[in-house]
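This is query-v2.cif (mmCIF, C-alpha atoms and all ligand atoms).
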```
data_start
loop_
_atom_site.label_atom_id
_atom_site.label_comp_id
_atom_site.auth_asym_id
_atom_site.auth_seq_id
_atom_site.Cartn_x
_atom_site.Cartn_y
_atom_site.Cartn_z
CA MET A 214 10.79 26.31 89.87
CA GLN A 215 11.71 22.73 88.89
CA LYS A 216 13.67 20.94 91.63
CA ILE A 217 17.22 19.96 90.66
CA ASN A 218 18.07 16.36 91.44
CA ALA A 219 21.48 14.69 91.62
CA ALA A 220 21.67 11.61 89.43
CA ILE A 221 24.43 9.04 89.30
CA THR A 222 25.41 9.08 85.62
CA ALA A 223 28.55 6.89 85.60
CA VAL A 224 30.40 4.44 87.82
CA GLY A 225 34.06 3.41 87.96
CA GLY A 226 35.90 0.90 90.10
CA TYR A 227 39.30 -0.58 90.73
CA VAL A 228 40.72 -3.46 92.77
CA PRO A 229 44.41 -4.35 92.88
CA GLU A 230 45.52 -7.61 91.28
CA TYR A 231 46.94 -9.48 94.27
CA ARG A 232 44.50 -11.98 95.79
CA LEU A 233 44.99 -12.79 99.46
CA THR A 234 43.16 -16.11 99.82
CA ASN A 235 41.88 -17.86 102.94
CA ALA A 236 44.48 -20.57 102.24
CA GLU A 237 47.27 -18.00 102.44
CA LEU A 238 45.85 -16.56 105.68
CA GLU A 239 45.84 -20.08 107.14
CA LYS A 240 49.64 -19.97 106.84
CA MET A 241 49.87 -16.56 108.53
CA VAL A 242 47.51 -16.92 111.55
CA ASP A 243 45.59 -19.63 113.39
CA THR A 244 42.48 -19.68 111.22
CA ASN A 245 40.84 -21.81 108.56
CA ASP A 246 38.85 -21.44 105.37
CA GLU A 247 35.72 -23.02 106.86
CA TRP A 248 35.65 -20.59 109.84
CA ILE A 249 36.21 -17.52 107.68
CA LYS A 250 33.60 -18.48 105.10
CA SER A 251 30.92 -19.49 107.58
CA ARG A 252 31.45 -16.50 109.93
CA THR A 253 31.98 -13.78 107.31
CA GLY A 254 31.29 -15.06 103.76
CA ILE A 255 34.79 -14.07 102.58
CA SER A 256 37.00 -16.26 100.35
CA GLU A 257 39.62 -13.76 99.25
CA ARG A 258 40.50 -10.06 99.27
CA ARG A 259 42.57 -7.85 96.98
CA ILE A 260 45.75 -6.25 98.33
CA LEU A 261 47.78 -3.34 96.93
CA LYS A 262 51.29 -4.73 97.32
CA GLU A 263 53.44 -2.16 95.53
CA GLU A 264 55.67 -0.04 97.73
CA GLY A 265 54.93 3.65 97.75
CA LYS A 266 51.35 3.32 96.52
CA GLY A 267 48.35 4.48 98.52
CA SER A 268 44.62 5.03 98.40
CA SER A 269 44.90 7.70 95.69
CA ASP A 270 46.49 5.09 93.40
CA LEU A 271 43.41 2.88 93.86
CA ALA A 272 41.04 5.80 93.29
CA VAL A 273 42.66 7.26 90.16
CA PRO A 274 41.78 4.37 87.78
CA ALA A 275 38.22 4.31 89.17
CA VAL A 276 37.68 8.03 88.51
CA LEU A 277 39.34 7.89 85.09
CA GLU A 278 37.08 4.98 84.15
CA LEU A 279 33.94 6.92 84.96
CA CYS A 280 35.18 9.97 83.03
CA LYS A 281 35.82 7.75 80.02
CA LYS A 282 32.41 6.06 80.25
CA ARG A 283 30.64 9.41 80.47
CA GLY A 284 32.87 11.01 77.84
CA ILE A 285 33.99 13.89 80.03
CA SER A 286 37.40 15.38 80.73
CA PRO A 287 38.59 15.55 84.38
CA GLU A 288 38.71 19.33 83.87
CA GLU A 289 34.89 19.35 83.79
CA ILE A 290 34.64 18.06 87.38
CA ASP A 291 33.49 20.84 89.75
CA CYS A 292 34.07 18.99 93.01
CA LEU A 293 35.56 15.67 94.14
CA ILE A 294 34.80 14.22 97.57
CA CYS A 295 36.84 11.26 98.77
CA ALA A 296 35.61 9.02 101.58
CA THR A 297 38.47 7.14 103.23
CA VAL A 298 39.99 6.16 106.58
CA THR A 299 43.30 5.34 104.94
CA PRO A 300 44.35 8.66 103.38
CA ASP A 301 47.65 8.78 101.50
CA MET A 302 48.89 11.00 104.34
CA VAL A 303 47.27 12.53 107.44
CA PHE A 304 47.15 15.70 105.37
CA PRO A 305 46.65 17.00 102.72
CA ALA A 306 43.37 15.40 101.74
CA THR A 307 43.62 12.38 99.45
CA ALA A 308 40.94 14.08 97.31
CA ASN A 309 43.46 16.86 96.55
CA ILE A 310 46.04 14.29 95.47
CA ILE A 311 43.55 12.39 93.29
CA CYS A 312 42.58 15.63 91.51
CA ASP A 313 46.23 16.43 90.89
CA LYS A 314 46.94 12.95 89.49
CA ILE A 315 43.96 12.98 87.08
CA GLY A 316 44.25 16.65 86.05
CA ALA A 317 40.97 17.78 87.62
CA LEU A 318 42.26 21.33 87.55
CA ASN A 319 38.94 23.05 88.13
CA ALA A 320 37.68 20.97 91.04
CA PHE A 321 37.72 21.81 94.72
CA SER A 322 38.14 18.66 96.74
CA PHE A 323 38.13 17.32 100.27
CA ASP A 324 37.99 14.10 102.26
CA VAL A 325 35.14 12.77 104.37
CA MET A 326 35.88 10.38 107.20
CA ALA A 327 32.94 8.25 108.26
CA ALA A 328 34.62 4.83 108.01
CA CYS A 329 32.40 2.22 106.34
CA SER A 330 29.57 4.74 105.96
CA GLY A 331 31.92 7.25 104.31
CA PHE A 332 30.60 6.70 100.82
CA LEU A 333 27.01 7.43 101.91
CA TYR A 334 28.08 10.54 103.83
CA ALA A 335 30.03 11.79 100.79
CA LEU A 336 27.21 10.90 98.39
CA THR A 337 24.73 12.82 100.53
CA THR A 338 27.06 15.83 100.74
CA GLY A 339 27.69 15.83 96.98
CA THR A 340 23.96 15.52 96.33
CA ALA A 341 23.32 18.69 98.35
CA PHE A 342 25.96 20.55 96.28
CA ILE A 343 24.20 19.53 93.07
CA GLU A 344 20.71 20.27 94.43
CA SER A 345 21.86 23.77 95.39
CA GLY A 346 22.26 24.49 91.68
CA ARG A 347 25.81 25.72 92.19
CA TYR A 348 27.67 22.68 90.85
CA LYS A 349 26.99 20.47 87.83
CA LYS A 350 29.45 17.59 88.13
CA VAL A 351 30.52 16.14 91.46
CA VAL A 352 32.60 12.97 91.79
CA ILE A 353 32.20 10.80 94.90
CA VAL A 354 35.01 8.37 95.67
CA GLY A 355 34.96 5.58 98.25
CA VAL A 356 38.42 4.09 98.73
CA ASP A 357 40.45 2.28 101.34
CA LYS A 358 43.79 0.57 101.42
CA MET A 359 42.90 -1.36 104.57
CA SER A 360 46.03 -3.49 104.27
CA SER A 361 47.99 -0.41 105.42
CA ILE A 362 46.30 -0.45 108.86
CA VAL A 363 45.65 -4.16 109.40
CA ASP A 364 47.77 -6.28 111.73
CA TYR A 365 48.44 -9.51 109.83
CA SER A 366 49.15 -11.33 113.07
CA ASP A 367 45.65 -10.58 114.45
CA ARG A 368 43.28 -13.26 113.20
CA THR A 369 40.18 -11.37 114.30
CA THR A 370 40.75 -8.48 111.89
CA CYS A 371 43.14 -9.58 109.15
CA ILE A 372 40.66 -12.04 107.67
CA ILE A 373 38.04 -9.33 107.10
CA PHE A 374 39.60 -6.41 105.28
CA GLY A 375 40.77 -5.76 101.71
CA ASP A 376 41.74 -2.88 99.40
CA GLY A 377 39.62 -1.30 96.69
CA ALA A 378 38.04 1.83 95.25
CA GLY A 379 34.84 2.86 93.56
CA ALA A 380 33.56 6.19 92.28
CA VAL A 381 30.36 7.69 90.92
CA LEU A 382 29.64 10.85 88.96
CA LEU A 383 26.73 12.98 90.16
CA GLU A 384 25.10 15.31 87.65
CA ALA A 385 22.20 17.73 87.80
CA VAL A 386 18.94 16.51 86.25
CA ASP A 387 15.40 17.88 86.30
CA GLU A 388 13.70 14.46 86.24
CA ASN A 389 12.56 12.78 89.48
CA ILE A 390 15.50 10.38 89.52
CA GLY A 391 18.85 10.16 91.27
CA VAL A 392 19.65 10.38 94.96
CA LEU A 393 16.18 10.96 96.40
CA ASP A 394 16.61 10.54 100.17
CA SER A 395 19.25 9.79 102.78
CA LEU A 396 19.03 8.93 106.45
CA LEU A 397 22.42 9.23 108.15
CA LYS A 398 23.26 8.61 111.80
CA SER A 399 26.29 8.72 114.08
CA ASP A 400 27.13 7.89 117.68
CA GLY A 401 30.65 8.64 118.86
CA SER A 402 30.19 6.57 122.01
CA GLY A 403 30.74 3.56 119.73
CA SER A 404 34.32 4.65 119.08
CA LYS A 405 35.59 2.49 121.95
CA PHE A 406 34.70 -0.64 119.99
CA LEU A 407 36.38 0.28 116.70
CA HIS A 408 39.29 2.69 116.34
CA MET A 409 43.02 3.19 115.88
CA LYS A 410 44.71 3.89 119.18
CA ALA A 411 47.67 6.04 118.13
CA GLY A 412 48.77 8.43 115.40
CA GLY A 413 46.13 11.05 116.18
CA SER A 414 46.42 14.18 118.30
CA ILE A 415 45.68 12.39 121.58
CA LYS A 416 48.49 9.91 121.14
CA PRO A 417 50.96 10.98 118.45
CA SER A 418 53.19 8.30 116.92
CA THR A 419 56.20 7.25 118.96
CA VAL A 420 58.51 4.25 118.97
CA GLU A 421 56.40 2.90 121.84
CA THR A 422 53.09 3.22 119.95
CA VAL A 423 54.59 1.37 116.99
CA LEU A 424 55.98 -1.41 119.19
CA ALA A 425 52.60 -1.71 120.93
CA LYS A 426 50.92 -2.15 117.49
CA GLU A 427 48.70 0.85 118.11
CA HIS A 428 48.62 1.94 114.47
CA PHE A 429 46.39 -0.91 113.42
CA VAL A 430 42.60 -1.38 113.42
CA TYR A 431 41.35 -2.19 116.91
CA GLN A 432 37.94 -3.88 116.80
CA GLU A 433 35.75 -5.61 119.36
CA GLY A 434 34.08 -7.71 116.72
CA GLN A 435 31.11 -9.08 118.64
CA ALA A 436 30.08 -5.68 120.00
CA VAL A 437 30.37 -4.06 116.56
CA PHE A 438 28.45 -6.95 115.04
CA LYS A 439 25.50 -6.44 117.39
CA PHE A 440 25.26 -2.70 116.69
CA ALA A 441 25.77 -3.25 112.95
CA VAL A 442 22.98 -5.80 112.60
CA LYS A 443 20.49 -3.54 114.37
CA GLY A 444 21.73 -0.22 112.95
CA MET A 445 21.86 -1.20 109.29
CA ALA A 446 18.54 -3.06 109.35
CA ASP A 447 16.68 -0.36 111.32
CA VAL A 448 17.88 2.58 109.23
CA SER A 449 17.08 0.81 105.95
CA PHE A 450 13.60 -0.05 107.16
CA GLU A 451 13.03 3.50 108.42
CA LEU A 452 14.09 4.93 105.04
CA MET A 453 11.64 2.60 103.25
CA GLN A 454 8.82 3.57 105.59
CA ARG A 455 9.27 7.31 105.34
CA ASN A 456 9.26 7.06 101.53
CA ASN A 457 6.34 4.59 101.39
CA LEU A 458 8.51 1.98 99.67
CA THR A 459 7.55 -1.68 99.96
CA ALA A 460 9.86 -4.62 99.33
CA ASP A 461 8.22 -5.03 95.90
CA ASP A 462 9.14 -1.45 94.96
CA ILE A 463 12.84 -2.10 95.59
CA ALA A 464 14.95 -3.54 92.79
CA TRP A 465 18.23 -3.79 94.71
CA LEU A 466 19.73 -3.54 98.16
CA VAL A 467 23.37 -2.43 98.09
CA PRO A 468 24.66 -3.30 101.55
CA HIS A 469 28.05 -2.54 103.06
CA GLN A 470 30.08 -5.73 102.73
CA ALA A 471 31.33 -6.29 106.29
CA ASN A 472 29.84 -9.65 107.09
CA LEU A 473 27.38 -11.82 105.18
CA ARG A 474 25.35 -12.34 108.35
CA ILE A 475 24.84 -8.56 108.75
CA ILE A 476 23.79 -8.34 105.10
CA ASP A 477 21.28 -11.18 105.52
CA ALA A 478 19.77 -9.58 108.64
CA THR A 479 19.27 -6.28 106.78
CA ALA A 480 17.68 -7.96 103.75
CA ASN A 481 15.36 -9.96 106.03
CA ARG A 482 14.22 -6.88 107.91
CA MET A 483 13.42 -5.20 104.59
CA GLY A 484 11.60 -8.29 103.34
CA LEU A 485 13.93 -8.66 100.35
CA PRO A 486 14.87 -11.98 98.74
CA LYS A 487 18.56 -12.79 98.18
CA GLU A 488 18.23 -12.23 94.41
CA LYS A 489 17.75 -8.51 95.08
CA VAL A 490 20.87 -8.12 97.22
CA MET A 491 24.27 -7.18 95.78
CA ILE A 492 26.93 -9.35 97.41
CA ASN A 493 30.58 -9.52 96.42
CA ILE A 494 32.12 -9.90 99.89
CA GLU A 495 33.44 -13.35 98.92
CA LYS A 496 35.83 -11.75 96.39
CA TYR A 497 36.85 -8.48 98.02
CA GLY A 498 36.20 -8.74 101.77
CA ASN A 499 35.49 -5.47 103.56
CA THR A 500 37.02 -2.55 101.64
CA THR A 501 35.47 -0.05 104.11
CA ALA A 502 34.48 3.06 102.07
CA GLY A 503 34.96 1.10 98.85
CA THR A 504 32.27 -1.56 99.28
CA LEU A 505 29.17 0.31 98.07
CA PRO A 506 30.56 1.88 94.87
CA LEU A 507 32.35 -1.41 94.05
CA CYS A 508 28.96 -3.15 94.14
CA LEU A 509 27.42 -0.51 91.86
CA TRP A 510 30.43 -0.92 89.54
CA GLU A 511 29.98 -4.68 89.29
CA TRP A 512 26.20 -4.59 88.89
CA GLU A 513 26.03 -1.50 86.63
CA LYS A 514 25.09 -3.42 83.49
CA ARG A 515 22.12 -5.05 85.23
CA LEU A 516 20.67 -1.77 86.52
CA LYS A 517 17.81 -0.16 84.64
CA LYS A 518 16.57 3.39 84.54
CA GLY A 519 13.94 3.84 87.25
CA ASP A 520 15.18 1.00 89.48
CA ASN A 521 14.75 1.82 93.18
CA ILE A 522 17.98 1.05 94.98
CA ILE A 523 18.66 1.24 98.72
CA LEU A 524 22.30 1.61 99.78
CA ALA A 525 23.00 0.85 103.45
CA ALA A 526 26.10 0.93 105.63
CA PHE A 527 27.36 0.67 109.19
CA GLY A 528 30.86 1.34 110.45
CA GLY A 529 33.37 2.95 112.76
CA GLY A 530 32.26 6.02 114.66
CA PHE A 531 29.72 4.55 114.94
CA THR A 532 28.30 5.85 111.70
CA TRP A 533 25.46 4.33 109.75
CA GLY A 534 22.84 5.21 107.22
CA ALA A 535 20.78 4.37 104.18
CA THR A 536 20.23 6.18 100.89
CA TRP A 537 17.47 5.81 98.28
CA VAL A 538 18.61 6.14 94.68
CA LYS A 539 16.38 5.93 91.61
CA TRP A 540 18.76 4.71 88.93
CA ALA A 541 19.15 7.16 86.04
CA TYR A 542 20.32 5.20 83.01
CA ASN A 543 20.50 1.91 81.13
CA SER A 544 24.03 0.77 80.30
O1 LIG A 601 32.88 -2.72 108.58
C1 LIG A 601 33.05 -2.10 109.80
C2 LIG A 601 32.20 -2.67 110.86
N1 LIG A 601 32.68 -3.96 111.21
C3 LIG A 601 31.85 -4.99 111.25
O2 LIG A 601 30.69 -4.85 110.90
C4 LIG A 601 32.39 -6.30 111.77
C5 LIG A 601 31.42 -6.88 112.77
N2 LIG A 601 31.91 -8.09 113.40
C6 LIG A 601 32.04 -9.28 112.75
O3 LIG A 601 31.84 -9.36 111.55
C7 LIG A 601 32.37 -10.50 113.56
O4 LIG A 601 32.25 -10.21 114.92
C8 LIG A 601 33.77 -11.10 113.28
C9 LIG A 601 33.82 -11.69 111.88
C10 LIG A 601 34.84 -10.05 113.47
C11 LIG A 601 34.03 -12.24 114.27
O5 LIG A 601 33.02 -13.21 114.16
P1 LIG A 601 32.24 -13.70 115.46
O6 LIG A 601 31.25 -14.70 115.01
O7 LIG A 601 31.70 -12.49 116.17
O8 LIG A 601 33.37 -14.40 116.27
P2 LIG A 601 33.79 -14.18 117.79
O9 LIG A 601 34.61 -12.96 117.92
O10 LIG A 601 32.58 -14.34 118.64
O11 LIG A 601 34.72 -15.43 118.02
C12 LIG A 601 34.20 -16.77 118.06
C13 LIG A 601 35.34 -17.74 118.23
C14 LIG A 601 36.31 -17.36 119.35
O12 LIG A 601 36.79 -18.55 119.93
P3 LIG A 601 36.21 -19.08 121.33
O13 LIG A 601 36.47 -17.99 122.31
O14 LIG A 601 34.76 -19.32 121.08
O15 LIG A 601 37.01 -20.33 121.57
C15 LIG A 601 37.45 -16.67 118.62
O16 LIG A 601 38.66 -16.75 119.31
O17 LIG A 601 36.13 -17.77 117.04
C16 LIG A 601 37.49 -17.48 117.35
N3 LIG A 601 38.07 -16.76 116.22
C17 LIG A 601 38.59 -17.35 115.16
N4 LIG A 601 38.75 -18.64 114.83
C18 LIG A 601 39.31 -18.94 113.63
C19 LIG A 601 38.15 -15.40 116.06
N5 LIG A 601 38.71 -15.14 114.87
C20 LIG A 601 39.02 -16.32 114.29
C21 LIG A 601 39.60 -16.68 113.06
N6 LIG A 601 39.73 -17.98 112.78
N7 LIG A 601 40.02 -15.76 112.18
#
```
Entire entry expressed as structure tokens:
Amino acid sequence: MQKINAAITAVGGYVPEYRLTNAELEKMVDTNDEWIKSRTGISERRILKEEGKGSSDLAVPAVLELCKKRGISPEEIDCLICATVTPDMVFPATANIICDKIGALNAFSFDVMAACSGFLYALTTGTAFIESGRYKKVVIVGVDKMSSIVDYSDRTTCIIFGDGAGAVLLEAVDENIGVLDSLLKSDGSGSKFLHMKAGGSIKPSTVETVLAKEHFVYQEGQAVFKFAVKGMADVSFELMQRNNLTADDIAWLVPHQANLRIIDATANRMGLPKEKVMINIEKYGNTTAGTLPLCLWEWEKRLKKGDNIILAAFGGGFTWGATWVKWAYNS
């Protein structure tokens, strides 16, 4: 029997209008444009400012865009998986809310939480649903409204993060294209370096937890940096090796946009020149689960059928991984 593959057949993306520039951050905390650019590569990030709007409001335009591009109705979606660490609410799943807002009446939906690697975890899960033969159209969303959990008086974190969403449609194909391999890893002992202290079941929200600023991202940047450089580079290299891919075979690296220095280290380890690396961190900062699909969204027109693409990420958990995609269409 012919193997069913899961191909990405459309991409959508959305970033909010408001641009939080390095110049504006200079007025908020003790930092400067030169430090931020040289240490991270970021010039500005997009922020969802409107009251009462959450991650689902970033995701909805991204999913509607891909439906329009592919010429499908949201009712044709069988399953929608949303990767996020900033759900609209603790429960229900943001995926449920997105489906309601777009009229995806026939989809079952759930959230995946794997921080910055969330999109790869969700993509790998959705791929398995398609490969099983049971589902034909699965939407994978990566979205975060990081501004909702960032302390804008903490210069070590507020300069990094931004808001944004991207989404891809996975469809069943019988050609040897699509999501061909994934190598995912996790190590919960890394949680001490990157987490949110309160609001979970160990430490429910109280007046004290709010006053102690325990509902914001806590990150030990240097420690995370060290693990990220090694983790993202190693896993990408391992994925290349086990699929006999050389640097020449690879058209694009799509790296998680956390820090330009981590991206450079990964590309170097893979032997890839800068021209083959998607980088938009200067415009959007780190949108957590949003970074990878936002890159695909921006580069979509330059991608050609048959291009070998490696997506790679590292984030809270720790979670990390790399995925090999053979691109399925010309735009
Ligand atoms: O996406 C999820 C996973 N997260 C990551 O991958 C993030 C990984 N970590 C990083 O990207 C980097 O560690 C940061 C960008 C967070 C920080 O960069 P760094 O090069 O590791 O800086 P550092 O923490 O070692 O700090 C160096 C110096 C310190 O001053 P002293 O002690 O040398 O005098 C900091 O206090 O820079 C200072 N500093 C700043 N200065 C100006 C820290 N933040 C700032 C700032 N502006 N915003």
Let me see if you get this right: every residue at most 7 Å from ligand LIG 601 (chain A), counting only C-alpha atoms and all ligand atoms, written as a PDB file with C-alpha atoms, keeping the file's coordinate frame.
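Result file is selection_13.pdb:
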```
ATOM      1  CA  ASP A 243      45.590 -19.630 113.390  1.00  0.00           C
ATOM      2  CA  THR A 244      42.480 -19.680 111.220  1.00  0.00           C
ATOM      3  CA  ASN A 245      40.840 -21.810 108.560  1.00  0.00           C
ATOM      4  CA  TRP A 248      35.650 -20.590 109.840  1.00  0.00           C
ATOM      5  CA  ILE A 249      36.210 -17.520 107.680  1.00  0.00           C
ATOM      6  CA  ARG A 252      31.450 -16.500 109.930  1.00  0.00           C
ATOM      7  CA  THR A 253      31.980 -13.780 107.310  1.00  0.00           C
ATOM      8  CA  CYS A 329      32.400   2.220 106.340  1.00  0.00           C
ATOM      9  CA  ARG A 368      43.280 -13.260 113.200  1.00  0.00           C
ATOM     10  CA  THR A 369      40.180 -11.370 114.300  1.00  0.00           C
ATOM     11  CA  THR A 370      40.750  -8.480 111.890  1.00  0.00           C
ATOM     12  CA  ILE A 372      40.660 -12.040 107.670  1.00  0.00           C
ATOM     13  CA  ILE A 373      38.040  -9.330 107.100  1.00  0.00           C
ATOM     14  CA  GLY A 434      34.080  -7.710 116.720  1.00  0.00           C
ATOM     15  CA  GLN A 435      31.110  -9.080 118.640  1.00  0.00           C
ATOM     16  CA  VAL A 437      30.370  -4.060 116.560  1.00  0.00           C
ATOM     17  CA  PHE A 438      28.450  -6.950 115.040  1.00  0.00           C
ATOM     18  CA  ALA A 441      25.770  -3.250 112.950  1.00  0.00           C
ATOM     19  CA  ALA A 471      31.330  -6.290 106.290  1.00  0.00           C
ATOM     20  CA  ASN A 472      29.840  -9.650 107.090  1.00  0.00           C
ATOM     21  CA  ASN A 499      35.490  -5.470 103.560  1.00  0.00           C
ATOM     22  CA  THR A 501      35.470  -0.050 104.110  1.00  0.00           C
ATOM     23  CA  PHE A 527      27.360   0.670 109.190  1.00  0.00           C
ATOM     24  CA  GLY A 528      30.860   1.340 110.450  1.00  0.00           C
ATOM     25  CA  GLY A 529      33.370   2.950 112.760  1.00  0.00           C
TER      26      GLY A 529
END
```
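Take the candidates A:Pro274, A:Gly412, A:Gly316, A:Pro468 and check each one against Met302 in chain A using only C-alpha atoms; the shortest distance goes to A:Gly412.
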Open item on the list: Residues near Met241 in chain A, anyone? I mean within 8 Å using all atoms listed in the file, not counting same-chain ones fewer than 2 positions away, as a ChimeraX atom specification.
Closed with: /A:237-239,243,365-366
Task: Non-local contacts of range 485-494 of chain A (7 Å; all atoms listed in the file; under 3 positions in same chain excluded) as a list in words - done: Gly254, Ile255, Ala460, Ala464, Trp465, Leu466, Val467, Pro468, Gln470, Ala480, Asn481, Tyr497, Gly498, Asn499 and Cys508 of chain A
Open item on the list: One number please: CA of Ile221 in chain A to CA of Gly534 in chain A, in Å, one decimal.
Closed with: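 About the pair CA of Ile221 in chain A and CA of Gly534 in chain A: they are 18.4 Å apart.
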Open item on the list: Please determine, counting only C-alpha atoms, which residue among A:Ile315, A:Val242, A:Met453, A:Ala385 has the shortest atom-to-atom distance to Asp367 in chain A.
Closed with: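 Between A:Ile315, A:Val242, A:Met453, A:Ala385, the residue approaching Asp367 in chain A most closely is A:Val242.
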- [ ] Give me the residues within 8 Å of range 285-290 of chain A as a ChimeraX atom specification, counting all atoms listed in the file and dropping any in the same chain fewer than 5 places off.
- [x] /A:277,280,315-320,350-352
Task: Exercise: Ala272 in chain A partners within 12 Å, all atoms listed in the file, chain neighbours under 6 positions left out, as a VMD selection string - done: chain A and resid 225 to 229 261 266 278 to 279 293 to 297 299 to 301 307 to 312 314 to 315 352 to 358 376 to 381 502 to 503 506 to 507
Determine the axis-aligned bounding box of all atoms of range 449-465 of chain A present in the file, pad each side by 6 Å, and express its centre and edge lengths in Å to one decimal place as JSON.
```
{"center_x": 12.3, "center_y": 1.1, "center_z": 100.6, "size_x": 23.9, "size_y": 24.3, "size_z": 27.6}
```
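Nearest residue to Trp512 in chain A, choosing from A:Ser360, A:Thr532, A:Asn543, A:Ser268 and counting only C-alpha atoms: A:Asn543.
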Task: Coordinates-based distance that separates CA of Cys292 in chain A from CA of Ser322 in chain A (Å, one decimal) - done: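 Distance between the two atoms: 5.5 Å.
The residue that comes closest to Arg474 in chain A, out of A:Val442, A:Leu393, A:Gly375, A:Asn218 and on the basis of only C-alpha atoms, is A:Val442.
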Open item on the list: Just checking: using all atoms listed in the file, which residue out of A:Gly484, A:Ala223, A:Arg258, A:Thr338 ends up closest to Ala236 in chain A?
Closed with: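 Comparing A:Gly484, A:Ala223, A:Arg258, A:Thr338 against Ala236 in chain A, the winner is A:Arg258.
With distances restricted to all atoms listed in the file, A:Leu383 is the closest residue to Asp291 in chain A from A:Ile522, A:Ala541, A:Val448, A:Leu383.
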